[in-house]
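Report on one structure; see the data block that follows.
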Amino acid sequence: MKIGITCYPTYGGSGALATELGLALAGRGHEVHFVTYRWPFRLPSFTPRVYFHEVDVGRYPLFEFPPYDLALAVRMHEVVRTHGLEVLHVHYAIPHATSAWIAREMLQKDGDDVKVVTTLHGTDITIVGQDPSFQTITKFSIEKSDRITAVSEFLKTETIKAFGCTNCRVDVIPNFVDPAVFNRARYGGELHRELGQGRKVLVHLSNFRPVKRIRDVVRTFAAINAEVPSVMVMIGDGPDRPDAEDEARLLGVEKDVSFLGKLNDVAPLIAAADLFLLTTDRESFGLSALEALASGVPVMGYGVGGLPEVVRNGETGVLCAVGDTAGMARAASAILRDPARWARMSAAAAADARARFGMNEVVALYEALYASTLAER
Ligand code: GMT
């Protein structure tokens, strides 16, 4: 098949997932065209059957807000026609599903066509899509897609609740992980020794947005560190990083917390962790948590949103009430003090991630979805 993929190329789970999907599809013989305004952060420099088309947004001085969604629609239209794409798979509804709808309308006017698949990832439904500025266009664009997928049952339910989508079927296709890359055995313990210097290593990875409740990560860490000597490795960057740095200073743990910024190749660092901390308010899935589990790292998180679909509470991690940093720290310290329990959870995490979210199985679900929509032509 010839598939176009549009996603946010910036640091975040939806862009990571979309890129990994494109690479996996190309690995299975499909031709994949990324249409975005920048090179997606997880895309390697060259991969057979993978192409990149940059969206150039004209910057005429009249525009205080250059219309990116229109420039994207024009580029989608052009790439579909030039390369004979059959499917446009857009990740994150706003504005990608709207641009894809415009591109398809333009194509159909000339007797051409393309199928539009929209994957909902999280805040496009739970926060941004419900903002009055975007609500009606989000609902409209979702309903106009040929296929809609959500990354968790939680997100599917939220979509139906928020938009009352009577006219749309939402298929749940979960995020996936490449078990060859997120694999503890592959990296050895050198990085753990280097980072921890004899202490336990805790890792957090995110885009540091308010929804991540980053101060909670630092609070939880400080309480763990008081019980079990540890270091905290923070990967990523975003608006709330200064808050986290501030919290570390306030709690007197700044020397034990490292902020590494936006790194692309995160698998070796994640595999060097003893525990992964994720304190998001409502994570629709938690791709980083899945990557940690696959790497044999138990996850400490909040039992809300889609995270309980990813982390098995008590078996592959521990889920607490939102804001219960003390409870999370107690649970984490107990696991860190009990090597046999940690080893059991680590093995269960790696096995469960592979069994339920393996790359080949999930990518096959997307292939089947594309085939079924194409069959309707
Ligand atoms: O929705 C967002 O906040 C952005 C998006 C991203 O690009 O990181 O994150 C969402 O998509 C990921 C990939 O499907 C999910 O793993 C995240 O849980 C989800 N984020 C939220 O729901 C907050």
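Every chain in the structure tokens has a letter given in the order shown (A, B, ...), and although residue numbers restart at 1 in each chain, ligands are simply numbered from 1 in the order shown.
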
Considering only C-alpha atoms and all ligand atoms, tabulate each residue of chain A that lies at most 9 Å from ligand 1 along with its nearest interatomic pair and the corresponding distance in Å to one decimal; arrange the rows by chain and ascending residue number and present them as JSON lines.
{"residue": "A:Cys7", "atom": "CA", "partner": "ligand 1", "partner_atom_place_in_ligand_line": "7 (O)", "distance": 8.5}
{"residue": "A:Tyr8", "atom": "CA", "partner": "ligand 1", "partner_atom_place_in_ligand_line": "7 (O)", "distance": 6.9}
{"residue": "A:Pro9", "atom": "CA", "partner": "ligand 1", "partner_atom_place_in_ligand_line": "7 (O)", "distance": 8.8}
{"residue": "A:Thr10", "atom": "CA", "partner": "ligand 1", "partner_atom_place_in_ligand_line": "7 (O)", "distance": 7.7}
{"residue": "A:Tyr11", "atom": "CA", "partner": "ligand 1", "partner_atom_place_in_ligand_line": "7 (O)", "distance": 7.0}
{"residue": "A:Gly12", "atom": "CA", "partner": "ligand 1", "partner_atom_place_in_ligand_line": "8 (O)", "distance": 3.5}
{"residue": "A:Gly13", "atom": "CA", "partner": "ligand 1", "partner_atom_place_in_ligand_line": "8 (O)", "distance": 3.5}
{"residue": "A:Ser14", "atom": "CA", "partner": "ligand 1", "partner_atom_place_in_ligand_line": "7 (O)", "distance": 3.7}
{"residue": "A:Gly15", "atom": "CA", "partner": "ligand 1", "partner_atom_place_in_ligand_line": "7 (O)", "distance": 5.5}
{"residue": "A:Ala16", "atom": "CA", "partner": "ligand 1", "partner_atom_place_in_ligand_line": "13 (C)", "distance": 7.4}
{"residue": "A:Leu17", "atom": "CA", "partner": "ligand 1", "partner_atom_place_in_ligand_line": "13 (C)", "distance": 6.1}
{"residue": "A:Ala18", "atom": "CA", "partner": "ligand 1", "partner_atom_place_in_ligand_line": "13 (C)", "distance": 8.4}
{"residue": "A:His91", "atom": "CA", "partner": "ligand 1", "partner_atom_place_in_ligand_line": "14 (O)", "distance": 8.6}
{"residue": "A:Tyr92", "atom": "CA", "partner": "ligand 1", "partner_atom_place_in_ligand_line": "1 (O)", "distance": 7.4}
{"residue": "A:Thr119", "atom": "CA", "partner": "ligand 1", "partner_atom_place_in_ligand_line": "14 (O)", "distance": 8.5}
{"residue": "A:Leu120", "atom": "CA", "partner": "ligand 1", "partner_atom_place_in_ligand_line": "14 (O)", "distance": 7.5}
{"residue": "A:His121", "atom": "CA", "partner": "ligand 1", "partner_atom_place_in_ligand_line": "11 (O)", "distance": 4.1}
{"residue": "A:Gly122", "atom": "CA", "partner": "ligand 1", "partner_atom_place_in_ligand_line": "22 (O)", "distance": 3.7}
{"residue": "A:Thr123", "atom": "CA", "partner": "ligand 1", "partner_atom_place_in_ligand_line": "1 (O)", "distance": 3.6}
{"residue": "A:Asp124", "atom": "CA", "partner": "ligand 1", "partner_atom_place_in_ligand_line": "1 (O)", "distance": 5.7}
{"residue": "A:Ile125", "atom": "CA", "partner": "ligand 1", "partner_atom_place_in_ligand_line": "1 (O)", "distance": 7.9}
{"residue": "A:Thr126", "atom": "CA", "partner": "ligand 1", "partner_atom_place_in_ligand_line": "22 (O)", "distance": 7.4}
{"residue": "A:Ile127", "atom": "CA", "partner": "ligand 1", "partner_atom_place_in_ligand_line": "1 (O)", "distance": 8.2}
{"residue": "A:Val128", "atom": "CA", "partner": "ligand 1", "partner_atom_place_in_ligand_line": "1 (O)", "distance": 8.6}
{"residue": "A:Ala150", "atom": "CA", "partner": "ligand 1", "partner_atom_place_in_ligand_line": "14 (O)", "distance": 8.3}
{"residue": "A:Val151", "atom": "CA", "partner": "ligand 1", "partner_atom_place_in_ligand_line": "14 (O)", "distance": 5.8}
{"residue": "A:Ser152", "atom": "CA", "partner": "ligand 1", "partner_atom_place_in_ligand_line": "14 (O)", "distance": 8.6}
{"residue": "A:Leu155", "atom": "CA", "partner": "ligand 1", "partner_atom_place_in_ligand_line": "22 (O)", "distance": 8.3}
{"residue": "A:Pro174", "atom": "CA", "partner": "ligand 1", "partner_atom_place_in_ligand_line": "14 (O)", "distance": 8.0}
{"residue": "A:Asn175", "atom": "CA", "partner": "ligand 1", "partner_atom_place_in_ligand_line": "14 (O)", "distance": 6.1}
{"residue": "A:Ser206", "atom": "CA", "partner": "ligand 1", "partner_atom_place_in_ligand_line": "8 (O)", "distance": 7.6}
{"residue": "A:Asn207", "atom": "CA", "partner": "ligand 1", "partner_atom_place_in_ligand_line": "8 (O)", "distance": 7.1}
{"residue": "A:Arg209", "atom": "CA", "partner": "ligand 1", "partner_atom_place_in_ligand_line": "3 (O)", "distance": 8.0}
{"residue": "A:Val211", "atom": "CA", "partner": "ligand 1", "partner_atom_place_in_ligand_line": "23 (C)", "distance": 6.3}
{"residue": "A:Lys212", "atom": "CA", "partner": "ligand 1", "partner_atom_place_in_ligand_line": "23 (C)", "distance": 7.2}
{"residue": "A:Thr280", "atom": "CA", "partner": "ligand 1", "partner_atom_place_in_ligand_line": "23 (C)", "distance": 6.9}
{"residue": "A:Asp281", "atom": "CA", "partner": "ligand 1", "partner_atom_place_in_ligand_line": "23 (C)", "distance": 7.7}
{"residue": "A:Arg282", "atom": "CA", "partner": "ligand 1", "partner_atom_place_in_ligand_line": "23 (C)", "distance": 6.0}
{"residue": "A:Glu283", "atom": "CA", "partner": "ligand 1", "partner_atom_place_in_ligand_line": "22 (O)", "distance": 3.9}
{"residue": "A:Ser284", "atom": "CA", "partner": "ligand 1", "partner_atom_place_in_ligand_line": "22 (O)", "distance": 3.7}
{"residue": "A:Phe285", "atom": "CA", "partner": "ligand 1", "partner_atom_place_in_ligand_line": "18 (O)", "distance": 3.8}
{"residue": "A:Gly286", "atom": "CA", "partner": "ligand 1", "partner_atom_place_in_ligand_line": "16 (O)", "distance": 3.6}
{"residue": "A:Leu287", "atom": "CA", "partner": "ligand 1", "partner_atom_place_in_ligand_line": "16 (O)", "distance": 3.7}
{"residue": "A:Ser288", "atom": "CA", "partner": "ligand 1", "partner_atom_place_in_ligand_line": "16 (O)", "distance": 6.7}
{"residue": "A:Ala289", "atom": "CA", "partner": "ligand 1", "partner_atom_place_in_ligand_line": "16 (O)", "distance": 8.0}
{"residue": "A:Leu290", "atom": "CA", "partner": "ligand 1", "partner_atom_place_in_ligand_line": "16 (O)", "distance": 8.4}
{"residue": "A:Gly305", "atom": "CA", "partner": "ligand 1", "partner_atom_place_in_ligand_line": "22 (O)", "distance": 7.7}
{"residue": "A:Gly306", "atom": "CA", "partner": "ligand 1", "partner_atom_place_in_ligand_line": "18 (O)", "distance": 7.3}
{"residue": "A:Leu307", "atom": "CA", "partner": "ligand 1", "partner_atom_place_in_ligand_line": "18 (O)", "distance": 7.7}

Give the strand (DSSP E or B) residues of stretch 58-184 of chain A, as assigned by DSSP on the backbone, as an MDAnalysis selection string. chainID A and resid 87:91 115:120 147:150 170:172 177

Just N, CA and C atoms for this one: save the residues we selected as a compact mmCIF listing (two decimals), in the first residue's frame.
# COMPACT_ATOMS: atom_id res chain seq x y z
N VAL A 87 -4.04 5.92 1.21
CA VAL A 87 -4.54 6.22 2.56
C VAL A 87 -3.76 7.41 3.13
N LEU A 88 -4.49 8.33 3.77
CA LEU A 88 -3.84 9.38 4.58
C LEU A 88 -4.14 9.04 6.03
N HIS A 89 -3.12 8.72 6.79
CA HIS A 89 -3.33 8.36 8.20
C HIS A 89 -2.83 9.52 9.05
N VAL A 90 -3.78 10.22 9.68
CA VAL A 90 -3.39 11.40 10.46
C VAL A 90 -3.45 11.07 11.96
N HIS A 91 -2.44 11.56 12.66
CA HIS A 91 -2.33 11.31 14.10
C HIS A 91 -2.52 12.63 14.85
N LYS A 115 -8.37 7.55 1.14
CA LYS A 115 -9.08 7.22 2.38
C LYS A 115 -8.40 7.94 3.54
N VAL A 116 -9.21 8.44 4.46
CA VAL A 116 -8.66 9.18 5.61
C VAL A 116 -8.86 8.36 6.89
N VAL A 117 -7.76 8.05 7.54
CA VAL A 117 -7.81 7.36 8.83
C VAL A 117 -7.30 8.34 9.89
N THR A 118 -8.09 8.55 10.94
CA THR A 118 -7.68 9.46 12.01
C THR A 118 -7.44 8.67 13.29
N THR A 119 -6.26 8.83 13.85
CA THR A 119 -5.98 8.22 15.15
C THR A 119 -5.99 9.30 16.23
N LEU A 120 -6.87 9.10 17.20
CA LEU A 120 -6.99 10.03 18.33
C LEU A 120 -5.97 9.60 19.38
N ARG A 147 -12.09 6.15 8.77
CA ARG A 147 -11.91 5.28 9.93
C ARG A 147 -11.34 6.14 11.07
N ILE A 148 -11.80 5.81 12.28
CA ILE A 148 -11.29 6.53 13.46
C ILE A 148 -10.74 5.48 14.41
N THR A 149 -9.55 5.71 14.92
CA THR A 149 -9.05 4.81 15.95
C THR A 149 -8.68 5.64 17.18
N ALA A 150 -8.77 4.98 18.33
CA ALA A 150 -8.35 5.60 19.59
C ALA A 150 -7.33 4.66 20.22
N VAL A 170 -15.58 4.01 16.47
CA VAL A 170 -14.20 4.21 16.91
C VAL A 170 -13.61 2.84 17.22
N ASP A 171 -12.55 2.49 16.51
CA ASP A 171 -11.86 1.22 16.80
C ASP A 171 -10.70 1.50 17.75
N VAL A 172 -10.55 0.67 18.76
CA VAL A 172 -9.39 0.84 19.65
C VAL A 172 -8.23 0.02 19.08
N VAL A 177 5.08 -1.33 20.95
CA VAL A 177 6.49 -1.12 21.26
C VAL A 177 7.30 -2.15 20.48

Just the number, please: distance in Å from atom CA of A:Ser99 to atom CA of A:Thr82, one decimal.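 Going from atom CA of A:Ser99 over to atom CA of A:Thr82, I get 17.6 Å.
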
Members of stretch 292-323 of chain A assigned alpha helix (DSSP H) by DSSP, as a PyMOL selection string: chain A and resi 292-294+307-310

Pick from A:Phe46, A:Phe221, A:Phe41, A:Phe259: nearest to A:Leu277, with only C-alpha atoms counted?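 Ranked by minimum distance to A:Leu277, first place goes to A:Phe221.
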
Could you state the separation of atom CA of A:Glu361 and atom CA of A:Ala349 in Å, given to one decimal place?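 Separating atom CA of A:Glu361 from atom CA of A:Ala349 is a distance of 17.8 Å.
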
Please report the interatomic distance between atom CA of A:Thr220 and atom CA of A:Phe176 in Å with one decimal.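 Separation of atom CA of A:Thr220 and atom CA of A:Phe176: 27.6 Å.
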
At a cut-off of 6 Å, using only C-alpha atoms, what residues contact stretch 54-60 of chain A? Leave out same-chain residues fewer than 4 positions from it and give the result as a PyMOL selection string. chain A and resi 36-37+68+71-72

Could you write those residues out with C-alpha atoms, as a short mmCIF file (atom, residue, chain, number, x, y, z; two decimals), in the first residue's frame?
data_model
loop_
_atom_site.label_atom_id
_atom_site.label_comp_id
_atom_site.auth_asym_id
_atom_site.auth_seq_id
_atom_site.Cartn_x
_atom_site.Cartn_y
_atom_site.Cartn_z
CA THR A 36 4.68 17.33 8.28
CA TYR A 37 6.21 20.76 8.87
CA TYR A 68 -0.81 25.91 8.69
CA ALA A 71 -0.82 24.64 3.77
CA LEU A 72 -0.95 21.08 5.11
#

Quick one: residues within 9 Å of A:His83, only C-alpha atoms, excluding same-chain residues fewer than 4 positions away - as a PyMOL selection string? chain A and resi 2+33+78-79

Could those residues be written to a file, using N, CA, C and O atoms, as a short mmCIF file (atom, residue, chain, number, x, y, z; two decimals), in the first residue's frame?
data_model
loop_
_atom_site.label_atom_id
_atom_site.label_comp_id
_atom_site.auth_asym_id
_atom_site.auth_seq_id
_atom_site.Cartn_x
_atom_site.Cartn_y
_atom_site.Cartn_z
N LYS A 2 0.29 2.36 -0.43
CA LYS A 2 0.99 3.64 -0.37
C LYS A 2 0.25 4.50 0.65
O LYS A 2 -0.93 4.82 0.47
N HIS A 33 4.83 7.90 3.22
CA HIS A 33 5.18 9.31 2.98
C HIS A 33 4.78 10.15 4.20
O HIS A 33 3.58 10.28 4.49
N GLU A 78 -1.26 17.43 -2.92
CA GLU A 78 -0.20 17.30 -3.93
C GLU A 78 0.51 15.95 -3.80
O GLU A 78 0.75 15.26 -4.81
N VAL A 79 0.83 15.55 -2.56
CA VAL A 79 1.56 14.28 -2.37
C VAL A 79 0.70 13.08 -2.76
O VAL A 79 1.18 12.14 -3.39
#
